[in-house]
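J.: mmCIF, C-alpha atoms, file target-v9.cif:
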data_protein
#
loop_
_atom_site.label_atom_id
_atom_site.label_comp_id
_atom_site.auth_asym_id
_atom_site.auth_seq_id
_atom_site.Cartn_x
_atom_site.Cartn_y
_atom_site.Cartn_z
CA MET A 191 -1.98 17.19 -13.14
CA LYS A 192 0.08 14.38 -11.63
CA ILE A 193 -2.09 11.85 -9.79
CA GLY A 194 -0.33 8.99 -8.05
CA PHE A 195 -1.42 5.94 -6.15
CA THR A 196 -0.14 2.95 -4.27
CA ILE A 197 -1.75 -0.26 -3.10
CA GLY A 198 -1.32 -2.47 -0.07
CA LYS A 199 -2.73 -4.18 2.97
CA PHE A 200 -0.78 -1.96 5.38
CA ALA A 201 -0.92 -4.80 7.89
CA PRO A 202 0.65 -2.96 9.61
CA LEU A 203 1.54 0.46 8.23
CA HIS A 204 5.28 0.80 8.83
CA LYS A 205 8.15 3.23 8.17
CA GLY A 206 8.81 1.71 4.72
CA HIS A 207 5.21 2.40 3.69
CA GLN A 208 5.48 5.87 5.16
CA TYR A 209 8.66 6.60 3.21
CA LEU A 210 6.86 5.67 -0.02
CA ILE A 211 3.76 7.75 0.85
CA GLU A 212 5.86 10.77 1.80
CA LYS A 213 7.87 10.58 -1.44
CA ALA A 214 4.65 10.39 -3.45
CA LEU A 215 3.06 13.28 -1.56
CA SER A 216 6.11 15.44 -2.29
CA GLU A 217 5.95 14.67 -6.03
CA MET A 218 2.24 14.38 -6.86
CA ASP A 219 -0.59 16.90 -7.06
CA LYS A 220 -2.96 14.27 -5.67
CA PHE A 221 -2.25 10.89 -4.12
CA TYR A 222 -4.43 7.84 -3.45
CA VAL A 223 -3.81 4.86 -1.21
CA VAL A 224 -5.77 1.76 -2.15
CA ILE A 225 -6.05 -0.34 1.00
CA TYR A 226 -6.96 -3.99 0.62
CA GLU A 227 -9.06 -6.21 2.82
CA THR A 228 -6.96 -9.16 3.95
CA LYS A 229 -6.94 -12.24 6.11
CA VAL A 230 -3.26 -11.87 7.09
CA THR A 231 -4.32 -9.84 10.13
CA ASN A 232 -7.36 -9.54 12.34
CA ILE A 233 -7.01 -5.74 12.37
CA PRO A 234 -9.96 -4.41 10.35
CA ILE A 235 -9.49 -2.41 7.18
CA GLU A 236 -11.09 0.60 8.87
CA THR A 237 -8.44 0.61 11.62
CA ARG A 238 -5.62 0.27 9.09
CA ALA A 239 -7.11 3.05 6.97
CA ASN A 240 -7.42 5.24 10.07
CA TRP A 241 -3.67 4.95 10.67
CA ILE A 242 -3.03 6.39 7.23
CA LYS A 243 -5.67 9.10 7.59
CA GLN A 244 -4.37 10.22 11.01
CA ILE A 245 -0.76 10.42 9.85
CA TYR A 246 -1.47 11.68 6.30
CA PRO A 247 -4.78 13.56 6.22
CA GLU A 248 -4.02 14.77 2.68
CA VAL A 249 -4.06 11.20 1.31
CA ASN A 250 -7.17 10.04 -0.51
CA LEU A 251 -8.17 6.56 0.65
CA ILE A 252 -9.87 3.91 -1.45
CA TYR A 253 -11.10 0.71 0.17
CA ALA A 254 -10.46 -2.44 -1.86
CA LYS A 255 -13.03 -4.86 -0.49
CA ASN A 256 -13.41 -8.48 -1.61
CA PRO A 257 -10.21 -8.53 -3.66
CA PRO A 258 -9.39 -11.50 -5.88
CA THR A 259 -7.58 -14.30 -4.11
CA GLN A 260 -5.41 -15.30 -7.07
CA TYR A 261 -1.96 -13.73 -6.78
CA GLY A 262 1.23 -14.17 -8.74
CA LEU A 263 3.41 -12.71 -11.45
CA ASP A 264 2.04 -14.98 -14.18
CA GLU A 265 -0.02 -13.18 -16.84
CA GLU A 266 -3.36 -14.67 -15.74
CA SER A 267 -2.92 -13.61 -12.10
CA VAL A 268 -1.65 -10.18 -13.13
CA LYS A 269 -4.66 -9.67 -15.40
CA ILE A 270 -7.09 -10.66 -12.63
CA GLN A 271 -5.46 -8.26 -10.17
CA THR A 272 -5.06 -5.33 -12.55
CA ASN A 273 -8.65 -5.67 -13.80
CA TYR A 274 -9.81 -5.55 -10.17
CA LEU A 275 -7.64 -2.50 -9.56
CA LYS A 276 -9.12 -0.75 -12.61
CA GLU A 277 -12.58 -1.37 -11.11
CA VAL A 278 -11.56 -0.01 -7.72
CA LEU A 279 -9.98 3.12 -9.23
CA GLY A 280 -13.03 3.73 -11.40
CA ASP A 281 -12.87 7.07 -13.21
CA ILE A 282 -9.80 8.36 -11.34
CA LYS A 283 -7.21 9.30 -13.98
CA VAL A 284 -4.00 8.15 -12.27
CA THR A 285 -0.66 8.94 -13.88
CA HIS A 286 1.89 7.31 -11.53
CA PHE A 287 2.07 4.06 -9.56
CA TYR A 288 4.30 4.11 -6.47
CA ASN A 289 5.51 0.75 -5.19
CA SER A 290 8.46 -1.30 -4.01
CA GLU A 291 7.35 -4.68 -5.33
CA PRO A 292 8.13 -6.85 -8.39
CA TYR A 293 4.51 -6.61 -9.56
CA GLY A 294 4.82 -2.83 -9.97
CA LYS A 295 5.92 -3.01 -13.58
CA PHE A 296 2.82 -5.03 -14.47
CA VAL A 297 0.42 -2.68 -12.71
CA ALA A 298 2.04 0.31 -14.43
CA ARG A 299 1.96 -1.44 -17.81
CA ASP A 300 -1.68 -2.53 -17.58
CA LEU A 301 -2.92 0.80 -16.21
CA LYS A 302 -0.71 2.71 -18.66
CA VAL A 303 0.91 4.86 -15.99
CA LYS A 304 4.48 5.65 -14.97
CA GLU A 305 5.97 3.27 -12.40
CA VAL A 306 7.89 4.83 -9.51
CA GLN A 307 9.95 2.30 -7.55
CA VAL A 308 10.72 3.37 -3.98
CA ASP A 309 13.40 1.55 -1.96
CA ARG A 310 12.68 -1.85 -3.50
CA GLU A 311 15.79 -3.31 -1.87
CA ARG A 312 14.58 -2.11 1.56
CA GLU A 313 17.85 -0.26 2.17
CA LYS A 314 16.30 2.77 3.86
CA TYR A 315 13.92 0.73 6.03
CA PRO A 316 14.94 -2.95 6.17
CA ILE A 317 11.56 -4.27 7.28
CA SER A 318 8.41 -5.94 6.05
CA ALA A 319 4.89 -6.14 7.45
CA THR A 320 5.30 -9.93 7.63
CA ALA A 321 8.35 -9.58 9.89
CA ILE A 322 6.52 -7.07 12.09
CA ARG A 323 3.49 -9.34 12.47
CA LYS A 324 5.80 -12.14 13.62
CA GLU A 325 7.60 -10.03 16.22
CA VAL A 326 5.82 -6.76 16.96
CA GLU A 327 7.89 -5.82 20.04
CA LEU A 328 11.22 -6.36 18.29
CA ASN A 329 10.15 -4.12 15.41
CA GLU A 330 8.52 -1.29 17.37
CA GLU A 331 11.03 1.21 15.94
CA PHE A 332 9.40 0.81 12.51
CA LEU A 333 5.90 1.72 13.76
CA GLU A 334 4.12 4.92 14.73
CA LYS A 335 2.73 4.86 18.27
CA ILE A 336 -0.91 4.48 17.15
CA VAL A 337 0.01 1.52 14.95
CA TYR A 338 2.08 -0.15 17.66
CA ARG A 339 -0.71 0.28 20.19
CA ASP A 340 -3.28 -1.31 17.89
CA MET A 341 -0.91 -4.14 17.00
CA LYS A 342 -0.31 -4.89 20.68
CA GLU A 343 -4.06 -4.88 21.41
CA ALA A 344 -4.89 -7.19 18.49
#
Could you write out this file's structure as structure tokens?
T.:
Amino acid sequence: MKIGFTIGKFAPLHKGHQYLIEKALSEMDKFYVVIYETKVTNIPIETRANWIKQIYPEVNLIYAKNPPTQYGLDEESVKIQTNYLKEVLGDIKVTHFYNSEPYGKFVARDLKVKEVQVDREREKYPISATAIRKEVELNEEFLEKIVYRDMKEA
């Protein structure tokens, strides 16, 4: 059985994230989205998770609460993050890690799963959550209506 997962803050969920999730859903028998608590937005984790659940009811959600604050691609930071991720995943026997980030190879290595890179160069959807948070109205085309509404109300 092929069991994939991805991780993120989804702050906000945008078309690039959706492209990755849809690719994974088409290739995996089961797929998990690990959604992280974050201070980059005041939109609660429950609201962000609800976006995913409404659009992709077949996705299995895992809440990553109180994540480590140390980030980076150095070995110490990677170890801290991947150990936390192992805790969050618990007994789930994942086989594939879907991502579009430089840290993907480290997560795949440390969890001993296959890495699947999806549109790392952002060619299909040239957007980032950071850019959307800066200018929500200018990037509306990259958001589902429920996400845009919640972003405007935040």
J.: Identify which of the residues A:Ile233, A:Val308, A:Leu328, A:Val249 lies closest to His207 (chain A), counting only C-alpha atoms when measuring atom-to-atom distances.
T.: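 That would be A:Val308, the residue with the smallest distance to His207 (chain A).
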J.: Could you tell me, as JSON, numbers by chain, exactly which residues end up selected when the PyMOL selection byres ((chain A and resi 323) around 10) is applied to this structure?
T.: {"A": [201, 202, 230, 231, 318, 319, 320, 321, 322, 324, 325, 326, 327, 329, 341]}
J.: Keeping only C-alpha atoms, write the selected residues to a file as a JSON list (two decimals), in the frame of the given file.
T.:
[["chain", "number", "residue", "atom", "x", "y", "z"],
["A", 201, "ALA", "CA", -0.92, -4.80, 7.89],
["A", 202, "PRO", "CA", 0.65, -2.96, 9.61],
["A", 230, "VAL", "CA", -3.26, -11.87, 7.09],
["A", 231, "THR", "CA", -4.32, -9.84, 10.13],
["A", 318, "SER", "CA", 8.41, -5.94, 6.05],
["A", 319, "ALA", "CA", 4.89, -6.14, 7.45],
["A", 320, "THR", "CA", 5.30, -9.93, 7.63],
["A", 321, "ALA", "CA", 8.35, -9.58, 9.89],
["A", 322, "ILE", "CA", 6.52, -7.07, 12.09],
["A", 324, "LYS", "CA", 5.80, -12.14, 13.62],
["A", 325, "GLU", "CA", 7.60, -10.03, 16.22],
["A", 326, "VAL", "CA", 5.82, -6.76, 16.96],
["A", 327, "GLU", "CA", 7.89, -5.82, 20.04],
["A", 329, "ASN", "CA", 10.15, -4.12, 15.41],
["A", 341, "MET", "CA", -0.91, -4.14, 17.00]]
J.: Which polymer residues have any atom within 8 Å of an atom of region 289-304 of chain A, counting all atoms listed in the file, with same-chain residues fewer than 5 positions away left out, as a list in words?
T.: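 The filter keeps Thr196, Ile197, Leu210, Leu263, Val268, Thr272, Lys276, Val284, Asp309, Arg310 and Glu311 of chain A.
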J.: Choose the residue, out of A:Tyr209, A:Tyr274, A:Phe221, A:Phe200, that has the smallest atom-to-atom separation from Tyr315 (chain A); count all atoms listed in the file.
T.: A:Tyr209
J.: CA of Ala254 (chain A) and CA of Ile235 (chain A), how far apart in Å?
T.: 9.1 Å
J.: Interatomic distance between CA of Glu227 (chain A) and CA of Glu248 (chain A)?
T.: 21.6 Å
J.: So, with only C-alpha atoms as the atoms that count, which of A:Tyr261, A:Tyr246, A:Phe332, A:Phe195 lies closest to Glu217 (chain A)?
T.: A:Phe195
J.: As an exercise, work out the distance from CA of Asn232 (chain A) to CA of Pro316 (chain A) in Å and give it to one decimal place.
T.: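 Going from CA of Asn232 (chain A) over to CA of Pro316 (chain A), I get 24.1 Å.
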J.: Give me region 288-322 of chain A with N, CA and C atoms filled in, as a compact mmCIF listing (two decimals), in the frame of the given file.
T.:
# COMPACT_ATOMS: atom_id res chain seq x y z
N TYR A 288 3.20 4.21 -7.42
CA TYR A 288 4.30 4.11 -6.47
C TYR A 288 4.27 2.74 -5.81
N ASN A 289 5.45 2.08 -5.78
CA ASN A 289 5.51 0.75 -5.19
C ASN A 289 6.95 0.38 -4.91
N SER A 290 7.12 -0.76 -4.25
CA SER A 290 8.46 -1.30 -4.01
C SER A 290 8.43 -2.82 -4.21
N GLU A 291 7.58 -3.25 -5.13
CA GLU A 291 7.35 -4.68 -5.33
C GLU A 291 7.59 -5.09 -6.78
N PRO A 292 7.91 -6.37 -7.01
CA PRO A 292 8.13 -6.85 -8.39
C PRO A 292 6.91 -6.69 -9.30
N TYR A 293 5.71 -6.72 -8.73
CA TYR A 293 4.51 -6.61 -9.56
C TYR A 293 4.28 -5.19 -10.08
N GLY A 294 5.03 -4.22 -9.59
CA GLY A 294 4.82 -2.83 -9.97
C GLY A 294 4.87 -2.59 -11.46
N LYS A 295 5.80 -3.23 -12.14
CA LYS A 295 5.92 -3.01 -13.58
C LYS A 295 4.68 -3.49 -14.33
N PHE A 296 4.03 -4.52 -13.82
CA PHE A 296 2.82 -5.03 -14.47
C PHE A 296 1.63 -4.11 -14.24
N VAL A 297 1.50 -3.62 -13.02
CA VAL A 297 0.42 -2.68 -12.71
C VAL A 297 0.58 -1.43 -13.58
N ALA A 298 1.79 -0.90 -13.64
CA ALA A 298 2.04 0.31 -14.43
C ALA A 298 1.76 0.05 -15.91
N ARG A 299 2.19 -1.09 -16.41
CA ARG A 299 1.96 -1.44 -17.81
C ARG A 299 0.47 -1.53 -18.12
N ASP A 300 -0.26 -2.27 -17.30
CA ASP A 300 -1.68 -2.53 -17.58
C ASP A 300 -2.56 -1.30 -17.35
N LEU A 301 -2.16 -0.42 -16.44
CA LEU A 301 -2.92 0.80 -16.21
C LEU A 301 -2.40 1.98 -17.04
N LYS A 302 -1.32 1.71 -17.78
CA LYS A 302 -0.71 2.71 -18.66
C LYS A 302 -0.33 3.98 -17.91
N VAL A 303 0.42 3.76 -16.82
CA VAL A 303 0.91 4.86 -15.99
C VAL A 303 2.42 4.70 -15.80
N LYS A 304 3.04 5.70 -15.25
CA LYS A 304 4.48 5.65 -14.97
C LYS A 304 4.70 4.92 -13.64
N GLU A 305 5.62 3.96 -13.64
CA GLU A 305 5.97 3.27 -12.40
C GLU A 305 7.06 4.04 -11.67
N VAL A 306 6.88 4.21 -10.36
CA VAL A 306 7.89 4.83 -9.51
C VAL A 306 8.25 3.82 -8.44
N GLN A 307 9.45 3.25 -8.55
CA GLN A 307 9.95 2.30 -7.55
C GLN A 307 10.55 3.09 -6.39
N VAL A 308 10.21 2.70 -5.18
CA VAL A 308 10.72 3.37 -3.98
C VAL A 308 11.35 2.33 -3.06
N ASP A 309 12.66 2.41 -2.90
CA ASP A 309 13.40 1.55 -1.96
C ASP A 309 13.03 0.07 -2.06
N ARG A 310 13.04 -0.45 -3.28
CA ARG A 310 12.68 -1.85 -3.50
C ARG A 310 13.58 -2.81 -2.72
N GLU A 311 14.84 -2.44 -2.58
CA GLU A 311 15.79 -3.31 -1.87
C GLU A 311 15.71 -3.18 -0.36
N ARG A 312 14.80 -2.33 0.12
CA ARG A 312 14.58 -2.11 1.56
C ARG A 312 15.87 -1.65 2.26
N GLU A 313 16.61 -0.78 1.59
CA GLU A 313 17.85 -0.26 2.17
C GLU A 313 17.57 0.81 3.22
N LYS A 314 16.62 1.69 2.93
CA LYS A 314 16.30 2.77 3.86
C LYS A 314 15.62 2.22 5.12
N TYR A 315 14.65 1.35 4.91
CA TYR A 315 13.92 0.73 6.03
C TYR A 315 13.89 -0.78 5.80
N PRO A 316 14.84 -1.50 6.39
CA PRO A 316 14.94 -2.95 6.17
C PRO A 316 13.90 -3.74 6.99
N ILE A 317 12.65 -3.64 6.53
CA ILE A 317 11.56 -4.27 7.28
C ILE A 317 10.44 -4.65 6.32
N SER A 318 9.62 -5.58 6.80
CA SER A 318 8.41 -5.94 6.05
C SER A 318 7.28 -6.09 7.06
N ALA A 319 6.05 -5.97 6.58
CA ALA A 319 4.89 -6.14 7.45
C ALA A 319 4.85 -7.57 8.00
N THR A 320 5.27 -8.53 7.19
CA THR A 320 5.30 -9.93 7.63
C THR A 320 6.20 -10.09 8.84
N ALA A 321 7.40 -9.50 8.77
CA ALA A 321 8.35 -9.58 9.89
C ALA A 321 7.77 -8.90 11.13
N ILE A 322 7.11 -7.78 10.95
CA ILE A 322 6.52 -7.07 12.09
C ILE A 322 5.42 -7.90 12.72
